[in-house]
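Asker: Coordinates in start.pdb, PDB, C-alpha atoms and all ligand atoms, are listed below.
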MODEL        1
ATOM      1  CA  MET A   1    -130.163  46.683-132.291  1.00  0.00           C
ATOM      2  CA  PRO A   2    -129.602  48.396-128.915  1.00  0.00           C
ATOM      3  CA  LEU A   3    -128.342  46.453-125.923  1.00  0.00           C
ATOM      4  CA  TYR A   4    -129.141  47.575-122.404  1.00  0.00           C
ATOM      5  CA  ILE A   5    -127.495  46.539-119.152  1.00  0.00           C
ATOM      6  CA  THR A   6    -129.346  47.044-115.873  1.00  0.00           C
ATOM      7  CA  SER A   7    -127.777  47.331-112.404  1.00  0.00           C
ATOM      8  CA  LEU A   8    -129.355  47.775-108.990  1.00  0.00           C
ATOM      9  CA  GLY A   9    -133.113  48.265-108.668  1.00  0.00           C
ATOM     10  CA  ASN A  10    -135.958  46.705-110.625  1.00  0.00           C
ATOM     11  CA  PRO A  11    -135.099  46.034-114.314  1.00  0.00           C
ATOM     12  CA  LYS A  12    -138.760  45.618-115.358  1.00  0.00           C
ATOM     13  CA  PRO A  13    -139.316  49.084-116.861  1.00  0.00           C
ATOM     14  CA  VAL A  14    -136.204  48.649-119.036  1.00  0.00           C
ATOM     15  CA  ILE A  15    -137.177  45.116-120.086  1.00  0.00           C
ATOM     16  CA  ASP A  16    -140.763  46.137-120.903  1.00  0.00           C
ATOM     17  CA  ALA A  17    -139.651  49.146-122.945  1.00  0.00           C
ATOM     18  CA  ALA A  18    -136.985  47.115-124.770  1.00  0.00           C
ATOM     19  CA  ARG A  19    -139.559  44.466-125.690  1.00  0.00           C
ATOM     20  CA  THR A  20    -141.537  47.026-127.700  1.00  0.00           C
ATOM     21  CA  TYR A  21    -138.767  47.299-130.299  1.00  0.00           C
ATOM     22  CA  GLY A  22    -136.771  44.101-129.923  1.00  0.00           C
ATOM     23  CA  ALA A  23    -133.795  45.463-127.973  1.00  0.00           C
ATOM     24  CA  THR A  24    -131.722  43.124-125.822  1.00  0.00           C
ATOM     25  CA  VAL A  25    -131.554  43.466-122.021  1.00  0.00           C
ATOM     26  CA  LEU A  26    -128.866  41.897-119.874  1.00  0.00           C
ATOM     27  CA  CYS A  27    -129.219  42.243-116.100  1.00  0.00           C
ATOM     28  CA  ASP A  28    -126.295  42.519-113.682  1.00  0.00           C
ATOM     29  CA  VAL A  29    -126.766  39.699-111.158  1.00  0.00           C
ATOM     30  CA  THR A  30    -124.588  38.370-108.363  1.00  0.00           C
ATOM     31  CA  ASN A  31    -126.617  35.319-107.332  1.00  0.00           C
ATOM     32  CA  LEU A  32    -129.341  32.896-108.432  1.00  0.00           C
ATOM     33  CA  VAL A  33    -132.132  34.656-106.538  1.00  0.00           C
ATOM     34  CA  HIS A  34    -131.690  37.914-108.413  1.00  0.00           C
ATOM     35  CA  ALA A  35    -131.171  36.006-111.660  1.00  0.00           C
ATOM     36  CA  GLN A  36    -134.513  34.237-111.162  1.00  0.00           C
ATOM     37  CA  LYS A  37    -136.272  37.557-110.643  1.00  0.00           C
ATOM     38  CA  ALA A  38    -134.709  39.009-113.800  1.00  0.00           C
ATOM     39  CA  ALA A  39    -135.543  35.838-115.759  1.00  0.00           C
ATOM     40  CA  ASP A  40    -139.172  35.999-114.587  1.00  0.00           C
ATOM     41  CA  MET A  41    -139.337  39.553-115.909  1.00  0.00           C
ATOM     42  CA  GLY A  42    -138.138  38.347-119.309  1.00  0.00           C
ATOM     43  CA  CYS A  43    -134.515  39.493-119.537  1.00  0.00           C
ATOM     44  CA  ASP A  44    -132.424  38.073-122.390  1.00  0.00           C
ATOM     45  CA  GLY A  45    -129.489  37.162-120.197  1.00  0.00           C
ATOM     46  CA  PHE A  46    -127.240  38.073-117.313  1.00  0.00           C
ATOM     47  CA  ILE A  47    -124.009  39.827-116.589  1.00  0.00           C
ATOM     48  CA  ALA A  48    -122.580  37.519-113.923  1.00  0.00           C
ATOM     49  CA  VAL A  49    -120.892  40.038-111.608  1.00  0.00           C
ATOM     50  CA  SER A  50    -118.409  38.036-109.559  1.00  0.00           C
ATOM     51  CA  SER A  51    -116.445  38.733-106.400  1.00  0.00           C
ATOM     52  CA  GLY A  52    -113.491  40.134-108.341  1.00  0.00           C
ATOM     53  CA  ALA A  53    -115.458  43.013-109.840  1.00  0.00           C
ATOM     54  CA  GLY A  54    -114.222  46.561-109.498  1.00  0.00           C
ATOM     55  CA  GLY A  55    -116.841  48.695-107.786  1.00  0.00           C
ATOM     56  CA  HIS A  56    -120.005  46.815-106.843  1.00  0.00           C
ATOM     57  CA  ALA A  57    -119.216  43.126-106.594  1.00  0.00           C
ATOM     58  CA  GLY A  58    -120.951  39.863-105.783  1.00  0.00           C
ATOM     59  CA  PRO A  59    -120.030  37.229-103.200  1.00  0.00           C
ATOM     60  CA  TYR A  60    -119.130  34.419-105.638  1.00  0.00           C
ATOM     61  CA  PRO A  61    -116.011  33.824-107.763  1.00  0.00           C
ATOM     62  CA  MET A  62    -116.456  33.815-111.540  1.00  0.00           C
ATOM     63  CA  HIS A  63    -115.583  30.119-111.718  1.00  0.00           C
ATOM     64  CA  VAL A  64    -118.583  29.339-109.520  1.00  0.00           C
ATOM     65  CA  LEU A  65    -121.123  31.942-110.603  1.00  0.00           C
ATOM     66  CA  VAL A  66    -120.932  31.499-114.394  1.00  0.00           C
ATOM     67  CA  PRO A  67    -121.470  27.689-114.419  1.00  0.00           C
ATOM     68  CA  MET A  68    -124.206  27.938-111.769  1.00  0.00           C
ATOM     69  CA  LEU A  69    -126.133  30.518-113.804  1.00  0.00           C
ATOM     70  CA  GLN A  70    -125.716  28.468-116.948  1.00  0.00           C
ATOM     71  CA  ARG A  71    -126.961  25.339-115.288  1.00  0.00           C
ATOM     72  CA  ALA A  72    -129.976  27.090-113.740  1.00  0.00           C
ATOM     73  CA  PHE A  73    -130.866  29.108-116.866  1.00  0.00           C
ATOM     74  CA  PRO A  74    -129.734  27.132-119.927  1.00  0.00           C
ATOM     75  CA  ASP A  75    -131.753  29.365-122.293  1.00  0.00           C
ATOM     76  CA  LYS A  76    -130.216  32.641-121.123  1.00  0.00           C
ATOM     77  CA  MET A  77    -127.033  34.285-122.294  1.00  0.00           C
ATOM     78  CA  VAL A  78    -124.427  34.530-119.525  1.00  0.00           C
ATOM     79  CA  ILE A  79    -121.702  37.180-119.751  1.00  0.00           C
ATOM     80  CA  ALA A  80    -118.864  37.011-117.215  1.00  0.00           C
ATOM     81  CA  ALA A  81    -117.731  40.117-115.329  1.00  0.00           C
ATOM     82  CA  GLY A  82    -115.305  40.872-112.552  1.00  0.00           C
ATOM     83  CA  GLY A  83    -111.530  41.130-112.519  1.00  0.00           C
ATOM     84  CA  ILE A  84    -111.171  40.429-116.245  1.00  0.00           C
ATOM     85  CA  ALA A  85    -108.450  42.491-117.915  1.00  0.00           C
ATOM     86  CA  THR A  86    -106.445  40.187-120.206  1.00  0.00           C
ATOM     87  CA  GLY A  87    -107.028  37.799-123.082  1.00  0.00           C
ATOM     88  CA  GLN A  88    -106.145  34.876-120.842  1.00  0.00           C
ATOM     89  CA  GLN A  89    -108.828  35.852-118.360  1.00  0.00           C
ATOM     90  CA  MET A  90    -111.332  36.319-121.192  1.00  0.00           C
ATOM     91  CA  ALA A  91    -110.477  32.892-122.523  1.00  0.00           C
ATOM     92  CA  SER A  92    -110.963  31.303-119.100  1.00  0.00           C
ATOM     93  CA  ALA A  93    -114.444  32.866-118.894  1.00  0.00           C
ATOM     94  CA  MET A  94    -115.306  31.367-122.284  1.00  0.00           C
ATOM     95  CA  VAL A  95    -114.038  27.972-121.147  1.00  0.00           C
ATOM     96  CA  LEU A  96    -116.477  28.225-118.250  1.00  0.00           C
ATOM     97  CA  GLY A  97    -119.251  28.664-120.783  1.00  0.00           C
ATOM     98  CA  ALA A  98    -119.692  32.436-120.794  1.00  0.00           C
ATOM     99  CA  ALA A  99    -120.877  33.846-124.115  1.00  0.00           C
ATOM    100  CA  GLY A 100    -118.671  36.888-123.597  1.00  0.00           C
ATOM    101  CA  VAL A 101    -117.155  39.151-120.983  1.00  0.00           C
ATOM    102  CA  SER A 102    -117.935  42.589-119.606  1.00  0.00           C
ATOM    103  CA  ILE A 103    -114.877  44.608-118.597  1.00  0.00           C
ATOM    104  CA  GLY A 104    -114.994  47.763-116.487  1.00  0.00           C
ATOM    105  CA  THR A 105    -111.911  48.671-114.482  1.00  0.00           C
ATOM    106  CA  ARG A 106    -109.368  47.928-117.216  1.00  0.00           C
ATOM    107  CA  PHE A 107    -110.910  50.599-119.442  1.00  0.00           C
ATOM    108  CA  ILE A 108    -110.599  53.330-116.816  1.00  0.00           C
ATOM    109  CA  ALA A 109    -106.911  53.487-117.793  1.00  0.00           C
ATOM    110  CA  SER A 110    -107.722  54.053-121.465  1.00  0.00           C
ATOM    111  CA  THR A 111    -107.215  57.164-123.582  1.00  0.00           C
ATOM    112  CA  GLU A 112    -110.947  57.406-124.181  1.00  0.00           C
ATOM    113  CA  ALA A 113    -111.929  57.431-120.487  1.00  0.00           C
ATOM    114  CA  THR A 114    -112.844  60.936-119.338  1.00  0.00           C
ATOM    115  CA  VAL A 115    -111.360  60.590-115.847  1.00  0.00           C
ATOM    116  CA  SER A 116    -108.286  62.324-114.375  1.00  0.00           C
ATOM    117  CA  ASN A 117    -104.763  61.121-115.140  1.00  0.00           C
ATOM    118  CA  GLU A 118    -104.307  60.519-111.408  1.00  0.00           C
ATOM    119  CA  TYR A 119    -107.172  58.002-111.512  1.00  0.00           C
ATOM    120  CA  LYS A 120    -105.795  56.354-114.668  1.00  0.00           C
ATOM    121  CA  ASN A 121    -102.331  56.080-113.097  1.00  0.00           C
ATOM    122  CA  ALA A 122    -103.819  54.633-109.906  1.00  0.00           C
ATOM    123  CA  ILE A 123    -105.524  51.897-111.933  1.00  0.00           C
ATOM    124  CA  VAL A 124    -102.159  50.974-113.472  1.00  0.00           C
ATOM    125  CA  ASP A 125     -99.990  51.416-110.379  1.00  0.00           C
ATOM    126  CA  TYR A 126    -102.057  49.789-107.631  1.00  0.00           C
ATOM    127  CA  GLY A 127    -102.132  46.002-107.267  1.00  0.00           C
ATOM    128  CA  MET A 128    -104.518  43.450-105.850  1.00  0.00           C
ATOM    129  CA  GLU A 129    -103.201  43.955-102.317  1.00  0.00           C
ATOM    130  CA  ASP A 130    -104.341  47.589-102.488  1.00  0.00           C
ATOM    131  CA  ILE A 131    -108.012  46.670-103.025  1.00  0.00           C
ATOM    132  CA  VAL A 132    -110.517  46.465-100.155  1.00  0.00           C
ATOM    133  CA  LEU A 133    -114.176  45.537-100.002  1.00  0.00           C
ATOM    134  CA  THR A 134    -116.340  48.147 -98.334  1.00  0.00           C
ATOM    135  CA  GLU A 135    -120.050  48.238 -97.490  1.00  0.00           C
ATOM    136  CA  ARG A 136    -119.894  51.913 -96.647  1.00  0.00           C
ATOM    137  CA  ILE A 137    -120.363  53.543-100.044  1.00  0.00           C
ATOM    138  CA  SER A 138    -123.839  52.376-101.051  1.00  0.00           C
ATOM    139  CA  GLY A 139    -124.592  49.525 -98.669  1.00  0.00           C
ATOM    140  CA  THR A 140    -123.826  46.985-101.411  1.00  0.00           C
ATOM    141  CA  PRO A 141    -120.287  45.517-101.117  1.00  0.00           C
ATOM    142  CA  CYS A 142    -117.905  47.449-103.311  1.00  0.00           C
ATOM    143  CA  ASN A 143    -114.232  46.839-104.256  1.00  0.00           C
ATOM    144  CA  ILE A 144    -112.237  50.065-104.070  1.00  0.00           C
ATOM    145  CA  ILE A 145    -108.616  51.227-103.774  1.00  0.00           C
ATOM    146  CA  ASN A 146    -107.665  51.438-100.119  1.00  0.00           C
ATOM    147  CA  THR A 147    -106.880  55.152-100.149  1.00  0.00           C
ATOM    148  CA  PRO A 148    -106.623  57.258 -96.959  1.00  0.00           C
ATOM    149  CA  VAL A 149    -110.228  58.357 -97.631  1.00  0.00           C
ATOM    150  CA  ALA A 150    -111.345  54.707 -97.783  1.00  0.00           C
ATOM    151  CA  GLN A 151    -109.482  53.939 -94.561  1.00  0.00           C
ATOM    152  CA  LYS A 152    -111.141  56.884 -92.825  1.00  0.00           C
ATOM    153  CA  MET A 153    -114.584  55.876 -94.115  1.00  0.00           C
ATOM    154  CA  GLY A 154    -114.150  52.281 -92.881  1.00  0.00           C
ATOM    155  CA  TYR A 155    -115.349  49.060 -94.446  1.00  0.00           C
ATOM    156  CA  LYS A 156    -118.276  47.703 -92.430  1.00  0.00           C
ATOM    157  CA  GLN A 157    -121.762  49.078 -91.958  1.00  0.00           C
ATOM    158  CA  ASN A 158    -122.955  49.753 -88.412  1.00  0.00           C
ATOM    159  CA  TRP A 159    -126.229  48.189 -87.223  1.00  0.00           C
ATOM    160  CA  PHE A 160    -128.298  51.210 -88.230  1.00  0.00           C
ATOM    161  CA  GLU A 161    -126.866  51.340 -91.745  1.00  0.00           C
ATOM    162  CA  ARG A 162    -127.443  47.578 -92.072  1.00  0.00           C
ATOM    163  CA  TYR A 163    -131.060  48.041 -91.037  1.00  0.00           C
ATOM    164  CA  LEU A 164    -131.545  50.829 -93.572  1.00  0.00           C
ATOM    165  CA  SER A 165    -129.962  48.747 -96.362  1.00  0.00           C
ATOM    166  CA  LYS A 166    -132.162  45.726 -95.664  1.00  0.00           C
ATOM    167  CA  ASN A 167    -135.428  47.597 -95.227  1.00  0.00           C
ATOM    168  CA  PRO A 168    -136.950  48.147 -98.680  1.00  0.00           C
ATOM    169  CA  VAL A 169    -138.734  51.358 -97.807  1.00  0.00           C
ATOM    170  CA  PRO A 170    -135.952  53.475 -96.371  1.00  0.00           C
ATOM    171  CA  ALA A 171    -133.172  51.952 -98.533  1.00  0.00           C
ATOM    172  CA  SER A 172    -133.266  54.953-100.841  1.00  0.00           C
ATOM    173  CA  ILE A 173    -132.870  57.215 -97.835  1.00  0.00           C
ATOM    174  CA  SER A 174    -129.979  55.017 -96.722  1.00  0.00           C
ATOM    175  CA  ARG A 175    -128.255  55.314-100.099  1.00  0.00           C
ATOM    176  CA  CYS A 176    -128.851  59.025-100.067  1.00  0.00           C
ATOM    177  CA  SER A 177    -127.322  59.323 -96.608  1.00  0.00           C
ATOM    178  CA  TYR A 178    -124.167  57.568 -97.841  1.00  0.00           C
ATOM    179  CA  ARG A 179    -123.903  59.802-100.884  1.00  0.00           C
ATOM    180  CA  CYS A 180    -124.523  62.893 -98.820  1.00  0.00           C
ATOM    181  CA  GLY A 181    -121.898  61.746 -96.337  1.00  0.00           C
ATOM    182  CA  VAL A 182    -124.361  61.726 -93.414  1.00  0.00           C
TER     183      VAL A 182
HETATM  184  C1  LIG B 201    -125.087  46.087-107.485  1.00  0.00           C
HETATM  185  C2  LIG B 201    -124.283  46.426-108.711  1.00  0.00           C
HETATM  186  C3  LIG B 201    -124.257  47.723-109.207  1.00  0.00           C
HETATM  187  C4  LIG B 201    -123.534  48.040-110.340  1.00  0.00           C
HETATM  188  N1  LIG B 201    -123.551  49.326-110.799  1.00  0.00           N
HETATM  189  C5  LIG B 201    -122.866  49.622-111.922  1.00  0.00           C
HETATM  190  C6  LIG B 201    -122.874  50.948-112.432  1.00  0.00           C
HETATM  191  O1  LIG B 201    -123.498  51.838-111.876  1.00  0.00           O
HETATM  192  N2  LIG B 201    -122.177  51.195-113.561  1.00  0.00           N
HETATM  193  C7  LIG B 201    -121.463  50.224-114.199  1.00  0.00           C
HETATM  194  O2  LIG B 201    -120.840  50.496-115.224  1.00  0.00           O
HETATM  195  N3  LIG B 201    -121.441  48.951-113.723  1.00  0.00           N
HETATM  196  C8  LIG B 201    -122.124  48.644-112.619  1.00  0.00           C
HETATM  197  N4  LIG B 201    -122.105  47.369-112.140  1.00  0.00           N
HETATM  198  C9  LIG B 201    -121.342  46.353-112.883  1.00  0.00           C
HETATM  199  C10 LIG B 201    -119.970  46.090-112.327  1.00  0.00           C
HETATM  200  O3  LIG B 201    -119.457  47.220-111.709  1.00  0.00           O
HETATM  201  C11 LIG B 201    -119.071  45.651-113.471  1.00  0.00           C
HETATM  202  O4  LIG B 201    -119.583  44.475-114.009  1.00  0.00           O
HETATM  203  C12 LIG B 201    -117.657  45.444-112.950  1.00  0.00           C
HETATM  204  O5  LIG B 201    -117.050  46.707-112.816  1.00  0.00           O
HETATM  205  C13 LIG B 201    -116.857  44.578-113.867  1.00  0.00           C
HETATM  206  O6  LIG B 201    -115.666  44.208-113.205  1.00  0.00           O
HETATM  207  P1  LIG B 201    -114.235  44.874-113.511  1.00  0.00           P
HETATM  208  O7  LIG B 201    -114.355  46.352-113.190  1.00  0.00           O
HETATM  209  O8  LIG B 201    -113.330  44.166-112.561  1.00  0.00           O
HETATM  210  O9  LIG B 201    -113.925  44.652-114.951  1.00  0.00           O
HETATM  211  C14 LIG B 201    -122.810  47.025-111.006  1.00  0.00           C
HETATM  212  C15 LIG B 201    -122.822  45.729-110.501  1.00  0.00           C
HETATM  213  C16 LIG B 201    -123.558  45.423-109.379  1.00  0.00           C
HETATM  214  C17 LIG B 201    -123.562  43.999-108.861  1.00  0.00           C
ENDMDL
END
Could you render the structure from this file as structure tokens?
Ligand SMILES: Cc1cc2nc3c(=O)[nH]c(=O)nc-3n(C[C@H](O)[C@H](O)[C@H](O)COP(=O)(O)O)c2cc1C

Answerer:
Amino acid sequence: MPLYITSLGNPKPVIDAARTYGATVLCDVTNLVHAQKAADMGCDGFIAVSSGAGGHAGPYPMHVLVPMLQRAFPDKMVIAAGGIATGQQMASAMVLGAAGVSIGTRFIASTEATVSNEYKNAIVDYGMEDIVLTERISGTPCNIINTPVAQKMGYKQNWFERYLSKNPVPASISRCSYRCGV
């Protein structure tokens, strides 16, 4: 049976469609507020995206977020995500009560990944001290390698970008302006 994972935006259309044929939907969440919204819409569980996640990340460490979600939503499946790359880290997520883990960054350096060798080598060669959190890619905090491009782009939103990110109507324009490099 298919499994869908939702990120960003409203998961309702995916959940409603999945319900018609019994597919499972797990929603990326970074806090209890978003988890409550996804639960109200009928999701099957959550991907608990913690502060260690590559790319878009949440504010809370895995060791806080996973138990908090479990306590608040005992009937939902909780999958841990963020900074997991080894069996030891997987095991620690299970000890916390996660039903499984979702791994992203580690697989960028795999044979199957269709990215450049330079990107694969960067994933292997760079360490934790090379990672920075930036708000300037999509508005949502994002862990990236601190390349010269990242340094030039900067890490914090200015007041206007913050306003655009928080205002529900022009947020799409805001995201577009980031992508378009405006
Ligand atoms: C706001 C937000 C947006 C996300 N967008 C994506 C996405 O577009 N594609 C994706 O594969 N994962 C997406 N994720 C999931 C995380 O990137 C993923 O769980 C993370 O990379 C796992 O951590 P790791 O890379 O350290 O293993 C998103 C998460 C959040 C909170």

Asker: Fewer than 4 positions away in the same chain doesn't count, so skip those; otherwise give me all residues within 10 Å of A:Ser102, counting all atoms listed in the file, as a PDB file with C-alpha atoms, in the frame of the given file.

Answerer:
ATOM      1  CA  ILE A  47    -124.009  39.827-116.589  1.00  0.00           C
ATOM      2  CA  ALA A  48    -122.580  37.519-113.923  1.00  0.00           C
ATOM      3  CA  VAL A  49    -120.892  40.038-111.608  1.00  0.00           C
ATOM      4  CA  ILE A  79    -121.702  37.180-119.751  1.00  0.00           C
ATOM      5  CA  ALA A  80    -118.864  37.011-117.215  1.00  0.00           C
ATOM      6  CA  ALA A  81    -117.731  40.117-115.329  1.00  0.00           C
ATOM      7  CA  GLY A  82    -115.305  40.872-112.552  1.00  0.00           C
ATOM      8  CA  GLY A  83    -111.530  41.130-112.519  1.00  0.00           C
ATOM      9  CA  ILE A  84    -111.171  40.429-116.245  1.00  0.00           C
ATOM     10  CA  ALA A  85    -108.450  42.491-117.915  1.00  0.00           C
ATOM     11  CA  MET A  90    -111.332  36.319-121.192  1.00  0.00           C
TER      12      MET A  90
END

Asker: Selection in question (the file shown): the PyMOL selection byres (((not hetatm)) within 9 of (chain B and resi 201)). Which residues does it include, as a ChimeraX atom specification?

Answerer: /A:5-9,28-30,47-58,80-85,101-108,140-143

Asker: Starting from the PyMOL selection byres (((chain A and resi 14) around 12) and not hetatm), expand the selection into actual residues of this file and give them as a VMD selection string.

Answerer: chain A and resid 2 to 7 9 to 13 15 to 27 38 41 to 44

Asker: Could you state the separation of atom CA of A:Asn121 and atom CA of A:Thr147 in Å, given to one decimal place?

Answerer: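 The value is 13.8 Å.
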
Asker: List the residues matched by the PyMOL selection byres (((chain A and resi 134) around 10) and not hetatm) in the displayed structure as a PyMOL selection string, ordered by chain and then by residue number.

Answerer: chain A and resi 55-56+131-133+135-146+150-151+153-157

Asker: Between atom CA of A:Pro67 and atom CA of A:Gly97, what is the spacing in Å?

Answerer: 6.8 Å

Asker: Which is closer to A:Met68 than all the others in A:Asn31, A:Ser116, A:Asn167, A:Thr111, using all atoms listed in the file?

Answerer: A:Asn31

Asker: Interatomic distance between atom CA of A:Ala99 and atom CA of A:Ala113?

Answerer: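 These two atoms are separated by 25.5 Å.
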
Asker: Once you've located stretch 59-79 of chain A in the structure I gave, write it as a CSV table (one decimal), in the first residue's frame, keeping N, CA, C and O atoms.

Answerer:
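Wrote selection18.csv, looks like this:
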chain,number,residue,atom,x,y,z
A,59,PRO,N,12.9,23.6,15.2
A,59,PRO,CA,13.7,24.2,16.3
A,59,PRO,C,14.1,23.2,17.4
A,59,PRO,O,14.9,23.6,18.3
A,60,TYR,N,13.5,22.0,17.5
A,60,TYR,CA,13.7,21.2,18.6
A,60,TYR,C,14.6,20.0,18.3
A,60,TYR,O,14.5,19.3,17.3
A,61,PRO,N,15.4,19.6,19.3
A,61,PRO,CA,16.2,18.4,19.1
A,61,PRO,C,15.4,17.1,19.1
A,61,PRO,O,14.3,17.1,19.7
A,62,MET,N,15.9,16.1,18.4
A,62,MET,CA,15.1,14.8,18.3
A,62,MET,C,14.7,14.3,19.7
A,62,MET,O,13.6,13.8,19.9
A,63,HIS,N,15.6,14.4,20.7
A,63,HIS,CA,15.4,13.8,22.0
A,63,HIS,C,14.3,14.5,22.8
A,63,HIS,O,13.9,14.1,23.8
A,64,VAL,N,13.9,15.7,22.3
A,64,VAL,CA,12.7,16.4,22.9
A,64,VAL,C,11.5,16.2,22.0
A,64,VAL,O,10.4,15.8,22.5
A,65,LEU,N,11.6,16.4,20.7
A,65,LEU,CA,10.5,16.4,19.8
A,65,LEU,C,9.8,15.0,19.8
A,65,LEU,O,8.5,14.9,19.8
A,66,VAL,N,10.5,13.9,19.6
A,66,VAL,CA,9.9,12.6,19.5
A,66,VAL,C,9.1,12.2,20.7
A,66,VAL,O,7.9,11.9,20.6
A,67,PRO,N,9.6,12.3,21.9
A,67,PRO,CA,8.8,12.0,23.1
A,67,PRO,C,7.6,12.9,23.3
A,67,PRO,O,6.5,12.5,23.7
A,68,MET,N,7.8,14.2,23.0
A,68,MET,CA,6.6,15.2,23.1
A,68,MET,C,5.5,14.8,22.2
A,68,MET,O,4.3,14.8,22.5
A,69,LEU,N,5.8,14.4,20.9
A,69,LEU,CA,4.8,14.1,20.0
A,69,LEU,C,4.1,12.8,20.4
A,69,LEU,O,2.9,12.6,20.3
A,70,GLN,N,4.9,11.9,20.9
A,70,GLN,CA,4.3,10.6,21.4
A,70,GLN,C,3.4,10.8,22.5
A,70,GLN,O,2.3,10.1,22.6
A,71,ARG,N,3.8,11.7,23.4
A,71,ARG,CA,2.9,11.9,24.6
A,71,ARG,C,1.6,12.6,24.2
A,71,ARG,O,0.5,12.2,24.7
A,72,ALA,N,1.7,13.5,23.3
A,72,ALA,CA,0.6,14.3,22.9
A,72,ALA,C,-0.4,13.5,21.9
A,72,ALA,O,-1.6,13.7,21.9
A,73,PHE,N,0.2,12.6,21.2
A,73,PHE,CA,-0.6,11.8,20.2
A,73,PHE,C,-0.2,10.4,20.3
A,73,PHE,O,0.4,9.8,19.4
A,74,PRO,N,-0.7,9.7,21.4
A,74,PRO,CA,-0.3,8.3,21.6
A,74,PRO,C,-0.8,7.4,20.5
A,74,PRO,O,-0.2,6.3,20.3
A,75,ASP,N,-1.8,7.8,19.7
A,75,ASP,CA,-2.4,6.9,18.7
A,75,ASP,C,-1.7,7.0,17.4
A,75,ASP,O,-2.0,6.3,16.4
A,76,LYS,N,-0.8,8.0,17.2
A,76,LYS,CA,-0.2,8.2,15.9
A,76,LYS,C,1.2,7.7,15.9
A,76,LYS,O,2.0,7.7,16.9
A,77,MET,N,1.6,7.2,14.7
A,77,MET,CA,3.0,6.8,14.5
A,77,MET,C,3.9,7.9,14.4
A,77,MET,O,3.6,9.0,13.8
A,78,VAL,N,5.0,7.8,15.1
A,78,VAL,CA,6.0,8.9,15.1
A,78,VAL,C,7.3,8.4,14.5
A,78,VAL,O,7.9,7.4,15.0
A,79,ILE,N,7.8,9.0,13.4
A,79,ILE,CA,9.0,8.6,12.8
A,79,ILE,C,10.0,9.7,13.0
A,79,ILE,O,9.7,10.9,12.8
